[in-house]
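**Student:** Below is the file protein39.txt, with compact mmCIF, C-alpha atoms (C1' of nucleotides).
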```
# COMPACT_ATOMS: atom_id res chain seq x y z
CA MET A 11 -7.08 36.32 12.78
CA LYS A 12 -8.70 33.23 14.25
CA ALA A 13 -11.70 31.96 12.34
CA ASP A 14 -14.28 31.63 15.06
CA ALA A 15 -13.43 34.88 16.77
CA LEU A 16 -15.96 36.39 14.41
CA ARG A 17 -18.72 34.17 15.77
CA GLY A 18 -21.58 36.38 16.85
CA HIS A 19 -20.04 39.58 15.52
CA LEU A 20 -20.49 39.12 11.80
CA ASP A 21 -24.07 40.37 11.72
CA SER A 22 -23.03 43.67 13.23
CA LEU A 23 -20.31 44.13 10.66
CA ILE A 24 -22.63 43.47 7.75
CA LEU A 25 -25.32 45.77 9.05
CA ALA A 26 -22.74 48.50 9.62
CA VAL A 27 -21.37 48.25 6.10
CA VAL A 28 -24.75 48.71 4.42
CA GLU A 29 -25.73 51.46 6.80
CA LYS A 30 -24.85 54.38 4.57
CA GLN A 31 -25.52 52.87 1.18
CA PRO A 32 -27.12 49.67 -0.07
CA LEU A 33 -24.63 47.12 -1.37
CA HIS A 34 -24.75 43.74 -3.07
CA GLY A 35 -23.06 40.67 -1.59
CA TYR A 36 -19.85 40.80 -3.52
CA ALA A 37 -19.46 44.49 -2.76
CA ILE A 38 -20.07 43.81 0.93
CA ILE A 39 -17.16 41.39 0.98
CA GLU A 40 -14.96 44.03 -0.63
CA ALA A 41 -16.22 46.76 1.65
CA LEU A 42 -15.44 44.65 4.72
CA SER A 43 -11.98 43.98 3.41
CA ALA A 44 -11.38 47.65 2.68
CA ARG A 45 -12.77 48.90 5.97
CA SER A 46 -10.65 46.42 7.90
CA GLY A 47 -7.43 47.20 6.13
CA GLY A 48 -7.44 43.79 4.49
CA GLU A 49 -7.88 41.86 7.73
CA LEU A 50 -11.29 40.56 6.77
CA ASP A 51 -11.43 38.43 3.66
CA LEU A 52 -14.69 36.58 4.07
CA PRO A 53 -15.59 33.65 1.84
CA THR A 54 -18.90 33.67 -0.01
CA GLY A 55 -19.99 30.67 2.03
CA THR A 56 -19.92 32.95 5.02
CA ILE A 57 -21.44 36.11 3.62
CA TYR A 58 -24.33 34.87 1.48
CA PRO A 59 -25.95 32.69 4.11
CA ALA A 60 -25.52 35.54 6.58
CA LEU A 61 -27.28 37.95 4.25
CA ARG A 62 -30.22 35.58 3.85
CA ARG A 63 -30.35 35.13 7.58
CA LEU A 64 -30.41 38.88 8.13
CA GLU A 65 -33.09 39.39 5.53
CA LYS A 66 -35.18 36.63 7.03
CA ALA A 67 -34.78 38.29 10.41
CA GLY A 68 -36.14 41.49 8.90
CA TYR A 69 -32.96 43.50 9.24
CA LEU A 70 -32.24 43.76 5.54
CA ASP A 71 -34.35 44.20 2.42
CA SER A 72 -33.10 42.98 -0.93
CA SER A 73 -33.82 43.77 -4.56
CA TRP A 74 -32.46 42.44 -7.85
CA SER A 75 -30.89 44.53 -10.54
CA GLU A 76 -28.68 44.00 -13.55
CA VAL A 77 -25.47 45.88 -14.12
CA GLY A 78 -23.31 45.18 -17.14
CA GLY A 79 -25.04 41.90 -17.88
CA ARG A 80 -24.53 40.65 -14.36
CA LYS A 81 -27.29 40.11 -11.84
CA ARG A 82 -26.96 41.67 -8.48
CA ARG A 83 -28.99 41.33 -5.36
CA THR A 84 -28.67 44.56 -3.46
CA TYR A 85 -29.29 44.70 0.25
CA GLU A 86 -30.31 47.71 2.25
CA LEU A 87 -30.86 48.27 5.93
CA SER A 88 -34.48 48.14 7.11
CA SER A 89 -35.64 50.26 10.00
CA ALA A 90 -35.58 47.17 12.20
CA GLY A 91 -32.03 46.62 10.98
CA ARG A 92 -31.16 50.14 11.96
CA SER A 93 -32.20 49.63 15.55
CA ALA A 94 -30.60 46.19 15.60
CA LEU A 95 -27.36 47.82 14.52
CA ALA A 96 -27.61 50.36 17.31
CA ALA A 97 -28.17 47.54 19.81
CA HIS A 98 -25.24 45.57 18.37
CA ARG A 99 -22.99 48.58 18.70
CA GLN A 100 -23.91 48.89 22.35
CA GLU A 101 -23.33 45.19 22.91
CA TRP A 102 -19.98 45.39 21.20
CA ARG A 103 -18.90 48.25 23.43
CA THR A 104 -19.78 46.21 26.50
CA PHE A 105 -18.14 43.09 25.15
CA ALA A 106 -14.94 44.87 24.17
CA LYS A 107 -14.76 46.53 27.56
CA VAL A 108 -15.23 43.23 29.35
CA VAL A 109 -12.63 41.35 27.33
CA SER A 110 -10.09 44.16 27.45
CA GLY A 111 -10.72 44.43 31.16
CA VAL A 112 -10.15 40.75 31.83
CA LEU A 113 -7.14 40.55 29.53
CA GLY A 114 -5.76 43.38 31.59
CA GLU A 115 -2.02 43.56 30.94
CA ALA A 116 -2.43 47.07 32.26
CA MET B 12 -24.36 39.75 26.47
CA LYS B 13 -24.96 37.36 23.60
CA ALA B 14 -23.88 33.80 24.22
CA ASP B 15 -21.75 33.11 21.18
CA ALA B 16 -20.01 36.46 21.18
CA LEU B 17 -17.58 34.73 23.50
CA ARG B 18 -16.80 32.10 20.88
CA GLY B 19 -13.06 32.01 20.34
CA HIS B 20 -12.28 34.46 23.12
CA LEU B 21 -12.91 32.33 26.18
CA ASP B 22 -9.48 30.70 26.14
CA SER B 23 -7.78 34.07 26.32
CA LEU B 24 -9.89 35.10 29.28
CA ILE B 25 -9.14 31.93 31.20
CA LEU B 26 -5.43 32.12 30.51
CA ALA B 27 -5.39 35.76 31.59
CA VAL B 28 -7.12 35.05 34.85
CA VAL B 29 -4.63 32.40 35.95
CA GLU B 30 -1.69 34.44 34.80
CA LYS B 31 -0.74 35.91 38.14
CA GLN B 32 -1.82 33.11 40.46
CA PRO B 33 -2.99 29.54 39.95
CA LEU B 34 -6.72 29.08 40.50
CA HIS B 35 -9.15 26.19 40.61
CA GLY B 36 -12.18 26.02 38.33
CA TYR B 37 -14.73 27.41 40.69
CA ALA B 38 -12.45 30.29 41.59
CA ILE B 39 -11.86 31.00 37.91
CA ILE B 40 -15.59 31.45 37.38
CA GLU B 41 -15.71 33.87 40.27
CA ALA B 42 -12.60 35.69 39.13
CA LEU B 43 -14.07 36.19 35.66
CA SER B 44 -17.26 37.50 37.15
CA ALA B 45 -15.36 39.87 39.44
CA ARG B 46 -12.98 41.10 36.75
CA SER B 47 -15.86 41.78 34.38
CA GLY B 48 -17.98 43.65 36.86
CA GLY B 49 -20.50 40.83 36.91
CA GLU B 50 -20.95 40.70 33.12
CA LEU B 51 -19.48 37.24 32.87
CA ASP B 52 -21.32 34.53 34.75
CA LEU B 53 -20.09 31.39 33.07
CA PRO B 54 -21.73 28.03 33.74
CA THR B 55 -19.60 25.08 34.84
CA GLY B 56 -20.50 23.33 31.59
CA THR B 57 -18.53 26.03 29.84
CA ILE B 58 -15.55 26.40 32.11
CA TYR B 59 -14.65 22.82 33.00
CA PRO B 60 -14.50 21.50 29.45
CA ALA B 61 -12.51 24.61 28.50
CA LEU B 62 -9.98 23.96 31.25
CA ARG B 63 -9.50 20.35 30.13
CA ARG B 64 -9.09 21.55 26.58
CA LEU B 65 -6.47 24.07 27.60
CA GLU B 66 -4.61 21.52 29.68
CA LYS B 67 -4.67 19.04 26.82
CA ALA B 68 -3.32 21.76 24.55
CA GLY B 69 -0.43 22.21 26.99
CA TYR B 70 -1.36 25.73 28.06
CA LEU B 71 -2.32 24.81 31.62
CA ASP B 72 -0.98 22.40 34.20
CA SER B 73 -3.26 21.06 36.91
CA SER B 74 -2.79 19.58 40.35
CA TRP B 75 -5.18 18.27 42.98
CA SER B 76 -5.35 19.49 46.52
CA GLU B 77 -7.78 19.34 49.40
CA VAL B 78 -8.95 22.42 51.25
CA GLY B 79 -11.49 22.18 54.05
CA GLY B 80 -12.53 18.68 53.07
CA ARG B 81 -13.17 19.71 49.48
CA LYS B 82 -11.11 18.57 46.56
CA ARG B 83 -9.78 21.17 44.23
CA ARG B 84 -8.06 20.91 40.92
CA THR B 85 -5.82 23.91 40.61
CA TYR B 86 -4.68 25.14 37.24
CA GLU B 87 -1.61 27.17 36.50
CA LEU B 88 -0.23 28.68 33.35
CA SER B 89 2.50 26.70 31.61
CA SER B 90 5.24 28.44 29.67
CA ALA B 91 3.48 27.49 26.45
CA GLY B 92 0.34 29.00 27.96
CA ARG B 93 2.22 32.17 28.68
CA SER B 94 3.22 32.67 25.09
CA ALA B 95 -0.22 31.62 23.91
CA LEU B 96 -1.66 34.32 26.12
CA ALA B 97 0.67 36.89 24.63
CA ALA B 98 -0.40 35.82 21.15
CA HIS B 99 -4.06 35.93 22.14
CA ARG B 100 -3.64 39.45 23.47
CA GLN B 101 -2.16 40.53 20.18
CA GLU B 102 -4.95 38.86 18.25
CA TRP B 103 -7.54 40.49 20.45
CA ARG B 104 -6.05 43.91 19.84
CA THR B 105 -6.24 43.35 16.09
CA PHE B 106 -9.74 41.93 16.28
CA ALA B 107 -11.05 44.75 18.45
CA LYS B 108 -9.50 47.30 16.16
CA VAL B 109 -11.05 45.69 13.09
CA VAL B 110 -14.53 45.40 14.56
CA SER B 111 -14.47 48.88 16.04
CA GLY B 112 -13.20 50.18 12.74
CA VAL B 113 -15.94 48.56 10.69
CA LEU B 114 -18.65 49.48 13.16
CA GLY B 115 -17.39 52.99 12.67
CA GLU B 116 -19.20 55.70 14.58
CA ALA B 117 -15.70 56.53 15.74
C1' DT C 9 -33.17 15.46 61.81
C1' DG C 10 -34.02 17.51 57.60
C1' DG C 11 -33.25 20.84 54.24
C1' DC C 12 -31.08 24.66 52.09
C1' DT C 13 -27.10 27.07 50.27
C1' DA C 14 -22.41 27.58 49.04
C1' DT C 15 -18.49 25.26 47.52
C1' DA C 16 -16.35 21.96 44.25
C1' DG C 17 -16.02 18.79 40.44
C1' DG C 18 -17.77 16.71 36.31
C1' DT C 19 -20.35 14.75 31.66
C1' DA C 20 -23.66 14.10 27.58
C1' DG C 21 -25.73 16.04 24.01
C1' DC C 22 -27.90 20.08 21.56
C1' DC C 23 -27.45 23.87 18.37
C1' DT C 24 -25.50 27.56 16.05
C1' DG C 25 -22.99 29.64 12.61
C1' DG C 26 -18.60 30.39 10.05
C1' DC C 27 -16.21 27.97 6.61
C1' DA C 28 -14.40 24.71 2.93
C1' DA C 29 -15.75 22.86 -1.13
C1' DC C 30 -18.45 22.82 -4.76
C1' DA C 31 -21.65 24.45 -8.59
C1' DT C 32 -23.18 28.03 -11.98
C1' DG C 33 -22.88 31.78 -15.11
C1' DT C 34 -21.21 36.44 -17.48
C1' DA C 35 -17.68 39.91 -19.04
C1' DT C 36 -13.08 41.08 -20.35
C1' DG C 37 -8.55 40.99 -21.85
C1' DA C 38 -4.30 38.48 -23.17
C1' DT D 5 -8.86 29.95 -25.99
C1' DC D 6 -8.18 30.41 -21.56
C1' DA D 7 -7.61 32.82 -17.40
C1' DT D 8 -9.34 36.02 -14.26
C1' DA D 9 -12.53 39.11 -12.18
C1' DC D 10 -17.23 39.61 -11.20
C1' DA D 11 -21.48 37.68 -9.13
C1' DT D 12 -24.60 34.33 -6.59
C1' DG D 13 -25.58 30.51 -4.32
C1' DT D 14 -25.81 25.52 -1.51
C1' DT D 15 -24.31 21.42 1.25
C1' DG D 16 -22.40 19.64 4.96
C1' DC D 17 -18.58 19.62 8.47
C1' DC D 18 -17.32 20.65 13.13
C1' DA D 19 -15.78 23.45 17.04
C1' DG D 20 -17.31 25.02 21.12
C1' DG D 21 -20.44 27.34 24.45
C1' DC D 22 -24.47 26.09 26.91
C1' DT D 23 -28.41 23.48 29.04
C1' DA D 24 -29.42 19.99 31.84
C1' DC D 25 -27.90 16.73 34.49
C1' DC D 26 -25.17 14.09 38.30
C1' DT D 27 -22.09 13.65 42.57
C1' DA D 28 -20.23 15.13 46.99
C1' DT D 29 -18.87 17.95 51.32
C1' DA D 30 -19.42 21.81 54.83
C1' DG D 31 -22.12 24.79 57.44
C1' DC D 32 -26.15 26.89 58.99
C1' DC D 33 -30.96 27.20 60.58
C1' DA D 34 -35.29 25.49 62.13
```
In structure tokens, write the structure found in this file.

**Tutor:**
Amino acid sequence: MKADALRGHLDSLILAVVEKQPLHGYAIIEALSARSGGELDLPTGTIYPALRRLEKAGYLDSSWSEVGGRKRRTYELSSAGRSALAAHRQEWRTFAKVVSGVLGEA
Amino acid sequence: MKADALRGHLDSLILAVVEKQPLHGYAIIEALSARSGGELDLPTGTIYPALRRLEKAGYLDSSWSEVGGRKRRTYELSSAGRSALAAHRQEWRTFAKVVSGVLGEA
DNA sequence: TGGCTATAGGTAGCCTGGCAACATGTATGA
DNA sequence: TCATACATGTTGCCAGGCTACCTATAGCCA
């Protein structure tokens, strides 16, 4: 899958993956991989900055914990994040419809 | 629709729109708008550089003509462009499936 | 005559965000 | 002892869509 196809869609994916339960960064990468059947294998240089961006935007809240001697920063969806996710889902539906429509190949 | 959602998908759309008949830049903008039900209203600063890029990549061939006193540069799909389009369609299918899958809410 | 709109082409430069590459540290098992 | 999985982060590159411009013709209306 082309690298920059993701541009502008990553935020939605991250928000969706922490929707049901809070996850830490590393687990988010794994969750995205699992949920995509291995198609998504995002580097940390992509995911960590994105998480900070989303927290700064008020869509995620984070908290530190320690599990088995390792520090984790766990992110959970804020209420603003929840509505942002709903909006992103709607936008995705429109976008997908538009692209599929133009690509045609009926 | 968010601006950079298009990132990485524009080429496919352009190739698709000139698949059946050659079109000039201005007509491509209109065709994209029409085919998307008005969702896509791309500025010339987006489309013209993209067309040059696609021609340089060997996916489009262009030729000048004059219609009603106005010069037109008409683009048509090359054979390389045709296979690129097929590949792009496949990639889009995968991408759409992945994103829809992760967004869930089946 | 002047001005507006539609048609038609183009460029320069900004800005965003995903990614490669790098840096740091712990736990575990061979 | 060393490799690998787990875990978090930063710096800086760069592709590419967009804003803001510029040029030019045709046709219409006042």

**Student:** Both chains have the same sequence, so match all Cα atoms in order, fit chain A onto chain B by least squares, and return it as an mmCIF file with C-alpha atoms, in the coordinates of the input.

**Tutor:**
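Generated output (part_3.cif):
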```cif
data_model
loop_
_atom_site.group_PDB
_atom_site.id
_atom_site.type_symbol
_atom_site.label_atom_id
_atom_site.label_comp_id
_atom_site.auth_asym_id
_atom_site.auth_seq_id
_atom_site.Cartn_x
_atom_site.Cartn_y
_atom_site.Cartn_z
ATOM 1 C CA MET A 11 -24.290 39.944 26.504
ATOM 2 C CA LYS A 12 -24.935 37.568 23.629
ATOM 3 C CA ALA A 13 -23.928 33.988 24.283
ATOM 4 C CA ASP A 14 -21.824 33.200 21.263
ATOM 5 C CA ALA A 15 -19.984 36.489 21.228
ATOM 6 C CA LEU A 16 -17.534 34.754 23.516
ATOM 7 C CA ARG A 17 -16.790 32.110 20.899
ATOM 8 C CA GLY A 18 -13.059 32.022 20.344
ATOM 9 C CA HIS A 19 -12.259 34.472 23.126
ATOM 10 C CA LEU A 20 -12.860 32.336 26.181
ATOM 11 C CA ASP A 21 -9.442 30.692 26.140
ATOM 12 C CA SER A 22 -7.739 34.055 26.337
ATOM 13 C CA LEU A 23 -9.832 35.079 29.302
ATOM 14 C CA ILE A 24 -9.076 31.912 31.221
ATOM 15 C CA LEU A 25 -5.372 32.085 30.538
ATOM 16 C CA ALA A 26 -5.323 35.729 31.610
ATOM 17 C CA VAL A 27 -7.070 35.019 34.893
ATOM 18 C CA VAL A 28 -4.592 32.351 35.990
ATOM 19 C CA GLU A 29 -1.647 34.392 34.828
ATOM 20 C CA LYS A 30 -0.705 35.854 38.182
ATOM 21 C CA GLN A 31 -1.793 33.060 40.469
ATOM 22 C CA PRO A 32 -2.980 29.494 39.982
ATOM 23 C CA LEU A 33 -6.706 29.033 40.527
ATOM 24 C CA HIS A 34 -9.161 26.153 40.627
ATOM 25 C CA GLY A 35 -12.192 25.998 38.333
ATOM 26 C CA TYR A 36 -14.753 27.411 40.675
ATOM 27 C CA ALA A 37 -12.443 30.270 41.590
ATOM 28 C CA ILE A 38 -11.841 30.982 37.905
ATOM 29 C CA ILE A 39 -15.560 31.444 37.371
ATOM 30 C CA GLU A 40 -15.658 33.871 40.288
ATOM 31 C CA ALA A 41 -12.540 35.671 39.158
ATOM 32 C CA LEU A 42 -14.005 36.166 35.680
ATOM 33 C CA SER A 43 -17.179 37.510 37.181
ATOM 34 C CA ALA A 44 -15.283 39.874 39.456
ATOM 35 C CA ARG A 45 -12.892 41.094 36.789
ATOM 36 C CA SER A 46 -15.764 41.777 34.412
ATOM 37 C CA GLY A 47 -17.872 43.666 36.882
ATOM 38 C CA GLY A 48 -20.417 40.866 36.936
ATOM 39 C CA GLU A 49 -20.849 40.731 33.166
ATOM 40 C CA LEU A 50 -19.405 37.256 32.887
ATOM 41 C CA ASP A 51 -21.245 34.548 34.760
ATOM 42 C CA LEU A 52 -20.050 31.404 33.056
ATOM 43 C CA PRO A 53 -21.727 28.062 33.679
ATOM 44 C CA THR A 54 -19.623 25.098 34.759
ATOM 45 C CA GLY A 55 -20.497 23.368 31.504
ATOM 46 C CA THR A 56 -18.526 26.072 29.788
ATOM 47 C CA ILE A 57 -15.546 26.430 32.078
ATOM 48 C CA TYR A 58 -14.636 22.846 32.969
ATOM 49 C CA PRO A 59 -14.480 21.516 29.434
ATOM 50 C CA ALA A 60 -12.476 24.595 28.480
ATOM 51 C CA LEU A 61 -9.977 23.941 31.249
ATOM 52 C CA ARG A 62 -9.496 20.351 30.110
ATOM 53 C CA ARG A 63 -9.081 21.542 26.569
ATOM 54 C CA LEU A 64 -6.440 24.050 27.617
ATOM 55 C CA GLU A 65 -4.589 21.496 29.680
ATOM 56 C CA LYS A 66 -4.669 19.023 26.831
ATOM 57 C CA ALA A 67 -3.286 21.726 24.568
ATOM 58 C CA GLY A 68 -0.413 22.170 27.001
ATOM 59 C CA TYR A 69 -1.319 25.672 28.087
ATOM 60 C CA LEU A 70 -2.283 24.769 31.626
ATOM 61 C CA ASP A 71 -0.979 22.335 34.225
ATOM 62 C CA SER A 72 -3.259 21.015 36.933
ATOM 63 C CA SER A 73 -2.814 19.510 40.377
ATOM 64 C CA TRP A 74 -5.237 18.221 43.005
ATOM 65 C CA SER A 75 -5.426 19.437 46.549
ATOM 66 C CA GLU A 76 -7.884 19.325 49.407
ATOM 67 C CA VAL A 77 -9.050 22.388 51.258
ATOM 68 C CA GLY A 78 -11.587 22.134 54.046
ATOM 69 C CA GLY A 79 -12.648 18.644 53.047
ATOM 70 C CA ARG A 80 -13.267 19.679 49.475
ATOM 71 C CA LYS A 81 -11.207 18.559 46.516
ATOM 72 C CA ARG A 82 -9.844 21.145 44.216
ATOM 73 C CA ARG A 83 -8.080 20.884 40.932
ATOM 74 C CA THR A 84 -5.836 23.887 40.626
ATOM 75 C CA TYR A 85 -4.675 25.109 37.260
ATOM 76 C CA GLU A 86 -1.591 27.125 36.538
ATOM 77 C CA LEU A 87 -0.205 28.640 33.385
ATOM 78 C CA SER A 88 2.529 26.641 31.641
ATOM 79 C CA SER A 89 5.269 28.385 29.731
ATOM 80 C CA ALA A 90 3.527 27.432 26.499
ATOM 81 C CA GLY A 91 0.382 28.947 27.985
ATOM 82 C CA ARG A 92 2.267 32.112 28.718
ATOM 83 C CA SER A 93 3.279 32.602 25.117
ATOM 84 C CA ALA A 94 -0.172 31.561 23.931
ATOM 85 C CA LEU A 95 -1.612 34.276 26.139
ATOM 86 C CA ALA A 96 0.732 36.844 24.653
ATOM 87 C CA ALA A 97 -0.330 35.770 21.155
ATOM 88 C CA HIS A 98 -4.011 35.902 22.142
ATOM 89 C CA ARG A 99 -3.575 39.400 23.487
ATOM 90 C CA GLN A 100 -2.093 40.502 20.192
ATOM 91 C CA GLU A 101 -4.893 38.833 18.265
ATOM 92 C CA TRP A 102 -7.473 40.475 20.464
ATOM 93 C CA ARG A 103 -5.973 43.893 19.843
ATOM 94 C CA THR A 104 -6.187 43.326 16.103
ATOM 95 C CA PHE A 105 -9.686 41.925 16.307
ATOM 96 C CA ALA A 106 -10.980 44.749 18.481
ATOM 97 C CA LYS A 107 -9.436 47.309 16.170
ATOM 98 C CA VAL A 108 -11.002 45.702 13.124
ATOM 99 C CA VAL A 109 -14.480 45.428 14.609
ATOM 100 C CA SER A 110 -14.424 48.908 16.110
ATOM 101 C CA GLY A 111 -13.168 50.203 12.796
ATOM 102 C CA VAL A 112 -15.929 48.586 10.776
ATOM 103 C CA LEU A 113 -18.628 49.507 13.277
ATOM 104 C CA GLY A 114 -17.394 53.036 12.849
ATOM 105 C CA GLU A 115 -20.094 55.367 14.162
ATOM 106 C CA ALA A 116 -17.231 57.815 14.361
#
```

**Student:** Once you count only C-alpha atoms (C1' of nucleotides), which residues of chain A turn out to be within 9 Å of chain C? Could you give them as a PDB file with C-alpha atoms, in the frame of the given file?

**Tutor:**
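Wrote selection-v8.pdb, looks like this:
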```pdb
ATOM      1  CA  ALA A  13     -11.700  31.960  12.340  1.00  0.00           C
ATOM      2  CA  ASP A  14     -14.280  31.630  15.060  1.00  0.00           C
ATOM      3  CA  LEU A  16     -15.960  36.390  14.410  1.00  0.00           C
ATOM      4  CA  ARG A  17     -18.720  34.170  15.770  1.00  0.00           C
ATOM      5  CA  GLY A  18     -21.580  36.380  16.850  1.00  0.00           C
ATOM      6  CA  PRO A  53     -15.590  33.650   1.840  1.00  0.00           C
ATOM      7  CA  GLY A  55     -19.990  30.670   2.030  1.00  0.00           C
ATOM      8  CA  THR A  56     -19.920  32.950   5.020  1.00  0.00           C
ATOM      9  CA  ALA A  60     -25.520  35.540   6.580  1.00  0.00           C
ATOM     10  CA  GLY A  78     -23.310  45.180 -17.140  1.00  0.00           C
ATOM     11  CA  GLY A  79     -25.040  41.900 -17.880  1.00  0.00           C
ATOM     12  CA  ARG A  80     -24.530  40.650 -14.360  1.00  0.00           C
TER      13      ARG A  80
END
```

**Student:** For D:DT29, which of B:Val78, B:Met12, B:Leu51, B:Ala42 is the closest residue, counting only C-alpha atoms (C1' of nucleotides)?

**Tutor:**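 Nearest candidate to D:DT29 out of B:Val78, B:Met12, B:Leu51, B:Ala42: B:Val78.
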
**Student:** Would you list which chain D residues are within 12 Å of chain B using all atoms listed in the file, as a ChimeraX atom specification?

**Tutor:** /D:19-25,28-31

**Student:** I'd like the neighbourhood of A:Glu49 as a list in words, where a residue qualifies if any of its atoms comes within 9 Å (using all atoms listed in the file), though same-chain residues fewer than 4 positions away should be ignored.

**Tutor:** Met11, Leu42, Ser43, Ala44 and Arg45 of chain A; Thr105, Phe106 and Val109 of chain B

**Student:** What gap, in Å, lies between atom CA of A:Ala26 and atom CA of B:Glu102?

**Tutor:**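 Interatomic distance, atom CA of A:Ala26 to atom CA of B:Glu102: 22.0 Å.
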